[in-house]
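Worksheet for the structure shown next.
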Number of protein chains: 4
Amino acid sequence: MSFNTFGHLFRFTTWGESHGPALGVVVDGCPPGLPISAEVIQRDLDRRKPGQSRFTTQRREDDQVRILSGAFEDERDGQLKTTGTPISLMIENTDQRSKDYSEIKDKYRPGHADFTYHQKYGIRDYKGSGRASARETAARVAAGAVARLVIPNVTVRASLVQIGPHKIDYARFVWAEVDNNPFFCADPVAAKEWEVYLDGIRKAGNSVGAVIEVVAEGVPAGWGAPIYGKLSADLASAMMSINAVKGVEIGEGMDSAELTGTENADEMRAGNAGPYFKSNHAGGILGGISNGDPIVCRFAVKPTSSIITPRETVTTHNENTEVITKGRHDPCVGIRAVPIGEAMMAVVLADHFLRHRGQTGREGGIGY
Amino acid sequence: MSFNTFGHLFRFTTWGESHGPALGVVVDGCPPGLPISAEVIQRDLDRRKPGQSRFTTQRREDDQVRILSGAFEDERDGQLKTTGTPISLMIENTDQRSKDYSEIKDKYRPGHADFTYHQKYGIRDYKGSGRASARETAARVAAGAVARLVIPNVTVRASLVQIGPHKIDYARFVWAEVDNNPFFCADPVAAKEWEVYLDGIRKAGNSVGAVIEVVAEGVPAGWGAPIYGKLSADLASAMMSINAVKGVEIGEGMDSAELTGTENADEMRAGNAGPYFKSNHAGGILGGISNGDPIVCRFAVKPTSSIITPRETVTTHNENTEVITKGRHDPCVGIRAVPIGEAMMAVVLADHFLRHRGQTGREGGIGY
Amino acid sequence: MSFNTFGHLFRFTTWGESHGPALGVVVDGCPPGLPISAEVIQRDLDRRKPGQSRFTTQRREDDQVRILSGAFEDERDGQLKTTGTPISLMIENTDQRSKDYSEIKDKYRPGHADFTYHQKYGIRDYKGSGRASARETAARVAAGAVARLVIPNVTVRASLVQIGPHKIDYARFVWAEVDNNPFFCADPVAAKEWEVYLDGIRKAGNSVGAVIEVVAEGVPAGWGAPIYGKLSADLASAMMSINAVKGVEIGEGMDSAELTGTENADEMRAGNAGPYFKSNHAGGILGGISNGDPIVCRFAVKPTSSIITPRETVTTHNENTEVITKGRHDPCVGIRAVPIGEAMMAVVLADHFLRHRGQTGREGGIGY
Amino acid sequence: MSFNTFGHLFRFTTWGESHGPALGVVVDGCPPGLPISAEVIQRDLDRRKPGQSRFTTQRREDDQVRILSGAFEDERDGQLKTTGTPISLMIENTDQRSKDYSEIKDKYRPGHADFTYHQKYGIRDYKGSGRASARETAARVAAGAVARLVIPNVTVRASLVQIGPHKIDYARFVWAEVDNNPFFCADPVAAKEWEVYLDGIRKAGNSVGAVIEVVAEGVPAGWGAPIYGKLSADLASAMMSINAVKGVEIGEGMDSAELTGTENADEMRAGNAGPYFKSNHAGGILGGISNGDPIVCRFAVKPTSSIITPRETVTTHNENTEVITKGRHDPCVGIRAVPIGEAMMAVVLADHFLRHRGQTGREGGIGY
């Protein structure tokens with residue numbers, strides 16, 4: 001769906017700017033009867049929260065979520081549960097320090113959406129970038145936490161697999177390591193190296209891009225749909241809708257161009273529980289429909305455009321000038337994109353689960 | 001939109017299988033009064049048509065399009081014009097040779113959607129792969145030809161920039177070369193080399209992937225929308241919805257992860273007609289909204305999974321076996337994806353043009 | 001959904017004008033594995049077909065439907081079945097007699113959409129009224145026939161309950177009578193009287209309105225949704241989308257304004273299979289959700305505006321004139337609206353069934 | 001759109017229950033640059049607010065609206081303006097008195113959505129009826145106030161034209177009278193009579209239905225679209241989506257069934273500014289498209305089902321019982337539906353205005 005709504009049967013609408021009093025999300029179409037709590041949503045939000053290391057913006061945001069609707073205490077067990085009606089979640093903006101906007105008020109920041117918002121809407125919302133702020137993603141993470149409740153048998157996890165030119169070594173990939181470093185990195189050796197590298201970037205007043213890999217395990221065969229309802233197409237849309245994302249890949253992704261048919265096609269073997277694939281070049285999706293293997297999606301986040309190195313730009317009156325973007329910015333905004341990628345994977349899967357169940361009456365494939 | 005419909009204000013629905021009597025598309029929301037003809041649509045279809053060189057399937061399809069509705073002869077000038085009502089376009093399947101399906105009837109082809117369609121729908125449509133056939137893309141190309149009428153000032157062109165591991169040299173890029181070789185390749189030197197390379201792949205009974213780059217020139221600043229209505233998100237969804245696509249990039253794409261903020265952010269300068277960008281790492285899109293620069297989108301097509309090299313697989317009864325896919329298949333299905341990429345870019349832009357005009361009353365940015 | 005598409009999970013798109021070569025519908029989201037045939041669709045189409053009595057237009061249309069996609073012969077039982085992919089149905093226009101349009105080519109017909117189409121689109125499609133023709137409803141009936149396959153336990157029937165000022169007597173209501181007269185009237189006494197009345201109207205070169213009542217039996221409690229997804233709201237939209245419809249009612253409808261709370265609220269009693277209602281003023285819908293009782297929906301069709309009595313009007317050049325609409329028109333277009341009303345009820349219910357199953361995993365209510 | 005979202009280009013999503021901390025609406029797709037303020041929205045909300053006379057519920061709700069996003073102070077003139085991004089409006093529930101729900105906790109109220117919500121969702125949200133509460137309509141009125149900003153040249157007004165069996169006399173219809181009585185009644189004589197009548201109903205512990213008529217003046221020809229995008233179909237859906245509405249009419253409505261073609265079709269005459277209609281039986285809509293005349297829409301609201309007269313019903317355990325609904329309820333909920341009807345008309349028109357402008361590039365018809 002368009003603009004600020006995403007999804008079909010499981011569907012959410014986000015709102016809010018970083019300079020306003022609050023931001024939030026309305027989750028619609030959630031199945032009823034699912035135990036829910038502010039705590040379970042907060043857990044995901046806390047992972048996205050800035051200021052947790054020197055590698056993310058020092059802006060202090062509590063990001064305390066409130067459930068404003070769509071839940072009711074079930075009298076049978078005293079648990080708060082979803083009712084099937086829209087779930088409104090709100091997060092107040094607590095750290096709106098009275099900033100000095102004079103530096104950017106009349107200047108477009110290169111690489112930023114300043115210029116395009118102004119051209120589109122004719123309004124110069126210079127405070128905190130309007131909807132282009134990373135604040136919007138808090139609402140997505142909240143929606144993602146609800147989505148996880150819908151698909152309890154699916155595990156959605158993400159990690160940073162590349163920062164600048166430095167990639168992880170998949171031979172050292174251990175999920176448990178993800179929470180042991182400030183990068184959500186599953187390769188502890190790479191994480192150490194990145195620390196040094198990113199310190200250099202940060203001190204140079206620069207920033208750098210990153211690649212996030214999101215993996216969903218436990219998705220049965222059959223979710224998704226041919227053509228414009230492809231699971232892969234919705235994932236591509238979901239990830240590309242995150243501010244600063246410039247590329248999305250499923251399975252082998254762009255590298256699939258380099259492979260031959262014999263290398264790329266995942267061969268199949270008979271298993272006790274039905275056929276299985278000997279490899280997963282497909283990233284768990286064939287013809288837009290899940291094949292039972294883990295869904296693997298990667299996306300690239302460009303370097304933050306808000307940097308303190310002076311850049312050539314123009315004023316809103318089309319005069320040449322320079323700009324530096326002071327303030328509390330992420331040297332690598334890709335780090336905080338890790339929980340956001342998880343959230344978007346979760347909402348796409350929750351939506352496709354409900355759509356598949358609606359059309360076929362089954363929760364997965366026909367099985368064996 | 002879901003399933004077999006794409007777009008919002010400019011919106012189309014495709015239907016049809018390769019084994020059926022016909023396939024087609026219904027284009028809805030097209031502005032009225034645009035001169036239209038079967039010929040102008042046919043021109044785009046002819047570029048996608050198979051059998052034009054030894055590098056595409058030898059299946060002979062005339063792909064003759066008929067306009068069944070939505071057009072009317074304007075009595076004022078005798079021209080056939082769109083009426084604003086749904087335009088139904090149909091292409092009959094003329095080359096449905098009575099094939100021997102015994103080889104694949106009970107076997108899943110590795111890398112193919114056979115298995116996932118069966119799991120999802122419980123129906124084994126073994127003839128020509130149902131909706132997973134490349135035939136569906138003829139309908140897209142027809143829709144794209146209509147979309148071009150909506151945005152006459154925009155030039156949408158695509159070319160093959162990589163085949164297997166072989167990339168073009170952008171220093172030799174000349175649009176006019178695209179029609180001088182069987183690859184839609186803008187680099188004549190690369191095209192020569194690819195001929196040798198792909199002959200080897202073809203003779204080995206193998207296939208290979210490719211990368212297509214689509215460029216739209218003439219898009220004013222202001223098209224697109226923040227968040228889930230991003231021009232980039234819709235392009236990602238559009239390209240990933242093409243069968244066999246596994247990755248989508250805007251501007252620097254996945255490589256933007258390797259860049260620093262100073263390298264990636266396109267600096268601006270004052271120009272006579274308003275600000276301009278000194279570079280186009282952004283691929284013409286900032287914050288999901290066009291910035292006036294060319295829109296640059298690349299996507300990777302995986303190697304055809306239908307190859308004549310034997311591959312391990314299972315039967316529909318979960319027994320180990322081998323399969324070879326005889327028949328008339330493309331050694332590099334990416335070649336024919338070039339006009340398809342153009343079509344999808346055109347429909348996304350036509351849709352965003354109408355949406356932008358609807359919301360703002362302007363055809364582009366506020367200008368200077 | 002907008003423009004020429006209706007529905008969410010069960011969704012169809014119609015196209016075609018009466019003057020063109022064909023018209024049709026693409027049904028998307030239909031569950032797979034349902035036995036389908038052109039015959040079962042034809043049966044519904046034949047009921048809508050004009051020229052079956054002197055009370056409907058004498059235009060001869062065979063209305064032969066063809067299934068162009070979305071069905072496949074199941075090898076297990078040899079039956080043609082839906083595959084889950086889009087079902088394209090086409091009906092060729094066989095009776096496009098070369099008409100003399102000189103009378104209406106430059107004149108707006110009062111009560112007709114001539115004027116508004118021209119104002120909106122700037123195109124004067126004087127042949128057969130473009131999309132405002134009753135021909136479009138053939139496509140709906142075809143979609144409705146598919147919808148019935150989705151909800152086999154639901155019986156959807158309609159009848160004419162009023163023609164001009166003459167209402168049926170519900171005490172004489174017998175469903176079996178509907179096919180015994182040219183009016184789809186369940187009251188045989190009224191049907192006799194209407195014959196005389198409508199002959200008078202017809203001979204006077206006039207036309208008259210009618211009310212159709214559609215009843216769906218077998219709908220379990222639980223279909224529908226609160227607020228903008230109400231079963232009643234979708235029925236209202238569905239019926240009002242039929243050309244010439246000016247009013248829609250659920251249950252007591254407009255008359256509910258005259259009732260008091262004690263009269264209108266349907267009291268409940270405990271039954272063996274759960275609670276039941278002592279009456280059905282609600283028309284089977286409470287809060288937008290089905291309550292297990294028959295769904296009752298009525299709609300009013302205005303008198304055909306195409307009449308042979310001269311009427312004051314203007315030319316397309318804003319000059320005063322008179323017009324008479326010769327040709328083969330229905331003295332009461334409401335008669336043929338009976339199968340159309342059934343079709344629209346069926347598609348709304350099929351859609352809500354799939355949506356309900358998607359969101360809740362159940363096919364109906366929680367039961368007792 | 002489904003569930004809790006309404007509209008296409010101008011689109012809103014409502015959330016909230018009467019027992020929760022707040023309710024609200026997110027308005028998406030609003031054009032940028034429109035002056036907005038909490039005051040202008042509050043003005044419409046205040047008209048809907050309960051407790052303004054003895055004829056509406058005595059529940060005291062301040063209904064103070066807050067703008068949480070989507071507006072920005074334009075530095076050029078200091079005015080708060082829409083930015084084109086989602087406008088989030090929130091209303092806190094201030095009068096949630098700790099009620100005794102023991103009477104209805106385990107009983108279904110006849111005529112109420114209690115039973116159907118329970119059957120659908122399996123959750124018994126007995127406090128304040130969940131989304132079936134009239135509280136939801138406050139969110140619509142807020143959205144409608146924003147919609148009015150989008151179509152400043154259109155005047156949308158509504159009035160009560162029938163209460164129980166008592167209709168107004170259109171000969172005495174004066175818009176200015178609407179605010180002079182507690183019924184939004186344009187006929188001062190009828191208003192006096194209704195006072196006596198409704199006092200009787202109220203004292204008898206009963207309730208009664210009503211009919212609201214909404215009129216939009218200043219709509220140019222050309223808004224709307226054929227078939228499923230009909231202005232009339234969207235109005236029908238909009239009005240029927242209001243809780244307790246059971247019938248919707250455009251122009252002559254259900255009575256059009258009684259008219260002949262000569263009586264019903266509005267004849268046309270040439271005027272200085274183009275053709276005009278001699279009458280408005282059509283209610284301003286032909287073929288789903290506005291014809292330049294006032295849009296006239298009526299809808300019937302059933303009597304409040306929450307009454308203090310004992311009614312037969314069952315418990316949630318399917319046992320026979322009786323129920324009376326104590327509390328602060330409206331004897332005629334139709335009264336407060338007047339501003340709601342205006343709001344729904346405004347949002348439908350704002351949406352169609354944007355859609356029309358998007359598809360055609362014009363703000364109205366082609367004119368003369």
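Starting from 1 in every chain, residues are counted up; chains themselves are A, B, ... following the order of the structure tokens, and ligands are numbered from 1 as listed.
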
* Those in segment 117-359 of chain A with strand (DSSP E) from DSSP, as a PyMOL selection string -> chain A and resi 155-163+166-167+210-217+245-250+268-271+274-277+285-286+289-290+295-301+311-314+320-323

Generate the output file for the selected residues, C-alpha atoms, as a PDB file, in the first residue's frame.
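That gives us result03.pdb:
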ATOM      1  CA  THR A 155      13.027 -16.916  14.276  1.00  0.00           C
ATOM      2  CA  VAL A 156      14.061 -13.647  12.664  1.00  0.00           C
ATOM      3  CA  ARG A 157      17.607 -12.504  13.339  1.00  0.00           C
ATOM      4  CA  ALA A 158      19.935 -10.026  11.696  1.00  0.00           C
ATOM      5  CA  SER A 159      23.563  -9.057  11.922  1.00  0.00           C
ATOM      6  CA  LEU A 160      26.008  -6.624  10.375  1.00  0.00           C
ATOM      7  CA  VAL A 161      28.095  -8.477   7.796  1.00  0.00           C
ATOM      8  CA  GLN A 162      30.032  -5.601   6.275  1.00  0.00           C
ATOM      9  CA  ILE A 163      31.124  -2.146   7.350  1.00  0.00           C
ATOM     10  CA  HIS A 166      35.423  -4.838   5.694  1.00  0.00           C
ATOM     11  CA  LYS A 167      33.331  -8.009   5.460  1.00  0.00           C
ATOM     12  CA  ALA A 210      27.280  -1.114   5.899  1.00  0.00           C
ATOM     13  CA  VAL A 211      25.529  -4.315   4.874  1.00  0.00           C
ATOM     14  CA  ILE A 212      22.948  -6.042   7.072  1.00  0.00           C
ATOM     15  CA  GLU A 213      21.922  -9.659   6.618  1.00  0.00           C
ATOM     16  CA  VAL A 214      18.544 -10.789   7.896  1.00  0.00           C
ATOM     17  CA  VAL A 215      17.739 -14.476   8.249  1.00  0.00           C
ATOM     18  CA  ALA A 216      14.348 -16.017   9.019  1.00  0.00           C
ATOM     19  CA  GLU A 217      14.311 -19.645  10.103  1.00  0.00           C
ATOM     20  CA  VAL A 245      19.071   1.825   1.950  1.00  0.00           C
ATOM     21  CA  LYS A 246      20.349   1.603  -1.644  1.00  0.00           C
ATOM     22  CA  GLY A 247      20.430  -2.121  -2.403  1.00  0.00           C
ATOM     23  CA  VAL A 248      18.571  -5.317  -1.518  1.00  0.00           C
ATOM     24  CA  GLU A 249      19.520  -8.908  -2.188  1.00  0.00           C
ATOM     25  CA  ILE A 250      17.849 -12.292  -1.744  1.00  0.00           C
ATOM     26  CA  MET A 268      17.134 -31.501  -4.125  1.00  0.00           C
ATOM     27  CA  ARG A 269      17.177 -34.782  -2.245  1.00  0.00           C
ATOM     28  CA  ALA A 270      14.487 -36.891  -0.668  1.00  0.00           C
ATOM     29  CA  GLY A 271      14.315 -36.604   3.118  1.00  0.00           C
ATOM     30  CA  GLY A 274       9.926 -34.473   2.436  1.00  0.00           C
ATOM     31  CA  PRO A 275      12.355 -33.104  -0.132  1.00  0.00           C
ATOM     32  CA  TYR A 276      15.190 -30.870   1.003  1.00  0.00           C
ATOM     33  CA  PHE A 277      17.673 -28.644  -0.799  1.00  0.00           C
ATOM     34  CA  ILE A 285      12.548 -18.202  -2.097  1.00  0.00           C
ATOM     35  CA  LEU A 286      11.688 -19.699  -5.499  1.00  0.00           C
ATOM     36  CA  ILE A 289       7.285 -18.366  -2.671  1.00  0.00           C
ATOM     37  CA  SER A 290       9.169 -19.735   0.347  1.00  0.00           C
ATOM     38  CA  ILE A 295      14.947 -16.775   4.080  1.00  0.00           C
ATOM     39  CA  VAL A 296      18.133 -14.760   3.551  1.00  0.00           C
ATOM     40  CA  CYS A 297      17.974 -11.069   2.718  1.00  0.00           C
ATOM     41  CA  ARG A 298      20.764  -8.500   2.690  1.00  0.00           C
ATOM     42  CA  PHE A 299      20.598  -4.759   2.282  1.00  0.00           C
ATOM     43  CA  ALA A 300      23.144  -1.978   2.010  1.00  0.00           C
ATOM     44  CA  VAL A 301      22.887   1.228   4.006  1.00  0.00           C
ATOM     45  CA  ARG A 311      30.746  19.920   1.899  1.00  0.00           C
ATOM     46  CA  GLU A 312      29.841  22.071  -1.042  1.00  0.00           C
ATOM     47  CA  THR A 313      26.162  22.798  -1.315  1.00  0.00           C
ATOM     48  CA  VAL A 314      23.633  25.512  -2.104  1.00  0.00           C
ATOM     49  CA  ASN A 320      26.726  28.392  -3.482  1.00  0.00           C
ATOM     50  CA  THR A 321      27.855  27.714   0.079  1.00  0.00           C
ATOM     51  CA  GLU A 322      29.333  25.055   2.320  1.00  0.00           C
ATOM     52  CA  VAL A 323      27.688  23.072   5.073  1.00  0.00           C
TER      53      VAL A 323
END

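Nearest to chain A of all the residues B:Lys192, B:His112, B:Arg336, B:Lys105 is B:His112, based on only C-alpha atoms.
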
* Asked: Quick one: which residues from chain B are at most 7 Å off chain D, using only C-alpha atoms, as a PyMOL selection string?
  -> chain B and resi 29-32+354-355+357-361

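Residue neighbourhood of Phe183 of chain D, excluding near-sequence residues (fewer than 6 positions): Phe55, Ser159, Leu160, Ala191, Trp194, Glu195, Gly334, Ile335, Arg336 and Val338 of chain D, at 9 Å, using only C-alpha atoms.
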
If you keep C-alpha atoms, can you produce a file of those selected residues as a short mmCIF file (atom, residue, chain, number, x, y, z; two decimals), in the first residue's frame?
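In the end it all went to part36.cif:
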data_model
loop_
_atom_site.label_atom_id
_atom_site.label_comp_id
_atom_site.auth_asym_id
_atom_site.auth_seq_id
_atom_site.Cartn_x
_atom_site.Cartn_y
_atom_site.Cartn_z
CA PHE D 55 -31.03 14.19 23.92
CA SER D 159 -28.97 17.95 8.94
CA LEU D 160 -31.40 15.55 10.55
CA ALA D 191 -37.53 20.55 15.71
CA TRP D 194 -39.30 16.32 17.86
CA GLU D 195 -38.45 17.71 21.29
CA GLY D 334 -28.67 9.68 14.90
CA ILE D 335 -28.42 13.24 16.21
CA ARG D 336 -24.69 13.05 16.75
CA VAL D 338 -24.93 14.65 11.65
#

* Which residue of C:Gln119, C:Ser237, C:Ser18, C:Thr56 approaches Phe6 of chain C most closely, using only C-alpha atoms -> C:Ser237

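Picture a line from atom CA of Thr304 of chain A to atom CA of Val333 of chain A; it runs 6.0 Å.
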
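If only C-alpha atoms are the atoms counted, then among D:Asn243, D:Asn206, D:Gln79, D:Asn4 the closest residue to Thr260 of chain C is D:Asn206.
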
* d(atom CA of Tyr368 of chain A, atom CA of Tyr108 of chain B) in Å -> 14.2 Å

* Asked: If we count only C-alpha atoms, what is near Glu73 of chain B at a cut-off of 10 Å, once residues fewer than 4 positions away on the same chain are taken out, given as a PyMOL selection string?
  -> (chain B and resi 35-36+77-83) or (chain C and resi 123-125)

Dump as a short mmCIF file (atom, residue, chain, number, x, y, z; two decimals), in the first residue's frame, selection limited to N, CA and C atoms:
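Written output follows (out25.cif):
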data_model
loop_
_atom_site.label_atom_id
_atom_site.label_comp_id
_atom_site.auth_asym_id
_atom_site.auth_seq_id
_atom_site.Cartn_x
_atom_site.Cartn_y
_atom_site.Cartn_z
N PRO B 35 -2.84 9.56 -27.36
CA PRO B 35 -2.86 8.77 -28.59
C PRO B 35 -2.22 7.40 -28.34
N ILE B 36 -2.86 6.36 -28.77
CA ILE B 36 -2.38 5.00 -28.52
C ILE B 36 -2.60 4.17 -29.78
N ASP B 77 -9.82 14.32 -34.49
CA ASP B 77 -8.62 14.17 -35.32
C ASP B 77 -8.44 12.74 -35.87
N GLY B 78 -9.44 11.89 -35.62
CA GLY B 78 -9.38 10.54 -36.17
C GLY B 78 -8.37 9.63 -35.50
N GLN B 79 -7.74 10.11 -34.43
CA GLN B 79 -6.74 9.30 -33.75
C GLN B 79 -7.36 8.42 -32.67
N LEU B 80 -6.83 7.22 -32.54
CA LEU B 80 -7.24 6.36 -31.44
C LEU B 80 -6.62 6.92 -30.16
N LYS B 81 -7.45 7.10 -29.13
CA LYS B 81 -6.95 7.69 -27.89
C LYS B 81 -7.45 6.92 -26.68
N THR B 82 -6.69 7.00 -25.62
CA THR B 82 -7.13 6.40 -24.36
C THR B 82 -8.35 7.16 -23.87
N THR B 83 -9.27 6.44 -23.22
CA THR B 83 -10.50 7.08 -22.75
C THR B 83 -10.49 7.30 -21.23
N ILE C 123 -13.28 13.03 -23.41
CA ILE C 123 -13.46 12.17 -24.59
C ILE C 123 -14.96 11.85 -24.69
N ARG C 124 -15.52 11.98 -25.87
CA ARG C 124 -16.95 11.69 -26.06
C ARG C 124 -17.07 10.33 -26.70
N ASP C 125 -17.20 9.31 -25.84
CA ASP C 125 -17.33 7.93 -26.31
C ASP C 125 -18.83 7.64 -26.47
#

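For the residues D:Leu45, D:Leu23, D:Val40, D:Ala145, ranking by smallest atom-to-atom distance to Gly130 of chain D using only C-alpha atoms places D:Leu23 first.
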
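With only C-alpha atoms taken into account, the protein and nucleic acid residues at most 9 Å from Pro21 of chain D (excluding it and anything under 5 positions from it in its own chain) are A:Leu68, A:Ser69, D:Gly16, D:Ile91, D:Glu92, D:Asn93, D:Thr94, D:Gln96.
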
Could those selected residues go to a file with N, CA and C atoms, as a PDB file, in the first residue's frame?
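Below is the file out-v8.pdb, written as the result:
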ATOM      1  N   LEU A  68      -1.777   2.032  23.175  1.00  0.00           N
ATOM      2  CA  LEU A  68      -2.950   2.887  23.374  1.00  0.00           C
ATOM      3  C   LEU A  68      -4.266   2.218  22.992  1.00  0.00           C
ATOM      4  N   SER A  69      -4.190   1.140  22.244  1.00  0.00           N
ATOM      5  CA  SER A  69      -5.438   0.481  21.839  1.00  0.00           C
ATOM      6  C   SER A  69      -5.158  -0.922  21.330  1.00  0.00           C
TER       7      SER A  69
ATOM      8  N   GLY D  16      -8.460   3.033  18.504  1.00  0.00           N
ATOM      9  CA  GLY D  16      -8.869   3.390  19.851  1.00  0.00           C
ATOM     10  C   GLY D  16     -10.208   2.846  20.281  1.00  0.00           C
ATOM     11  N   ILE D  91      -6.975  12.100  20.659  1.00  0.00           N
ATOM     12  CA  ILE D  91      -7.952  12.616  21.618  1.00  0.00           C
ATOM     13  C   ILE D  91      -7.893  11.712  22.840  1.00  0.00           C
ATOM     14  N   GLU D  92      -7.600  12.275  23.985  1.00  0.00           N
ATOM     15  CA  GLU D  92      -7.546  11.446  25.188  1.00  0.00           C
ATOM     16  C   GLU D  92      -8.944  11.184  25.721  1.00  0.00           C
ATOM     17  N   ASN D  93      -9.126  10.005  26.269  1.00  0.00           N
ATOM     18  CA  ASN D  93     -10.400   9.672  26.908  1.00  0.00           C
ATOM     19  C   ASN D  93     -10.330  10.122  28.361  1.00  0.00           C
ATOM     20  N   THR D  94     -11.096  11.150  28.669  1.00  0.00           N
ATOM     21  CA  THR D  94     -10.962  11.723  30.012  1.00  0.00           C
ATOM     22  C   THR D  94     -12.026  11.220  30.971  1.00  0.00           C
ATOM     23  N   GLN D  96     -13.390   8.194  31.770  1.00  0.00           N
ATOM     24  CA  GLN D  96     -13.511   6.744  31.862  1.00  0.00           C
ATOM     25  C   GLN D  96     -13.897   6.365  33.277  1.00  0.00           C
TER      26      GLN D  96
END

* How far is it from atom CA of Arg140 of chain C to atom CA of Arg47 of chain C, in Å with one decimal? -> 12.7 Å

* To do: Pick out the residues sitting within 12 Å of Ala273 of chain D, and hand them over as JSON, numbers by chain; count only C-alpha atoms, and ignore anything fewer than 4 positions along from it in its own chain.
  => {"C": [317, 318, 319], "D": [269, 292, 366, 367, 368]}

Given the selection you just returned, output its residues as a file containing C-alpha atoms, formatted as a PDB file, in the first residue's frame.
ATOM      1  CA  HIS C 317     -21.729  22.582 -27.825  1.00  0.00           C
ATOM      2  CA  ASN C 318     -24.116  23.784 -25.139  1.00  0.00           C
ATOM      3  CA  GLU C 319     -27.098  24.382 -27.365  1.00  0.00           C
TER       4      GLU C 319
ATOM      5  CA  ARG D 269     -30.609  23.262 -20.616  1.00  0.00           C
ATOM      6  CA  GLY D 292     -21.810  19.823 -10.993  1.00  0.00           C
ATOM      7  CA  ILE D 366     -13.319  20.189 -19.012  1.00  0.00           C
ATOM      8  CA  GLY D 367     -15.821  23.050 -18.779  1.00  0.00           C
ATOM      9  CA  TYR D 368     -17.177  25.140 -21.619  1.00  0.00           C
TER      10      TYR D 368
END

* Picked from segment 162-321 of chain D by DSSP as helix (DSSP H, G or I), as a PyMOL selection string -> chain D and resi 170-172+175-180+188-203+227-229+231-240+253-258+261-264

* Pick out the residues sitting within 8 Å of Ser306 of chain B, and hand them over as a ChimeraX atom specification; count only C-alpha atoms, and ignore anything fewer than 6 positions along from it in its own chain. => /A:261 /B:109,112,324-326,329

Please produce an output containing C-alpha atoms for each residue in the selection, written as a compact mmCIF listing (two decimals), in the first residue's frame.
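Once everything was written out, this is part-v1.txt:
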# COMPACT_ATOMS: atom_id res chain seq x y z
CA GLY A 261 22.91 -22.57 -13.88
CA ARG B 109 13.38 -28.81 -11.51
CA HIS B 112 12.61 -23.59 -10.48
CA ILE B 324 17.36 -32.49 -17.40
CA THR B 325 15.18 -29.76 -18.80
CA LYS B 326 14.94 -30.17 -22.53
CA HIS B 329 15.32 -22.22 -23.13
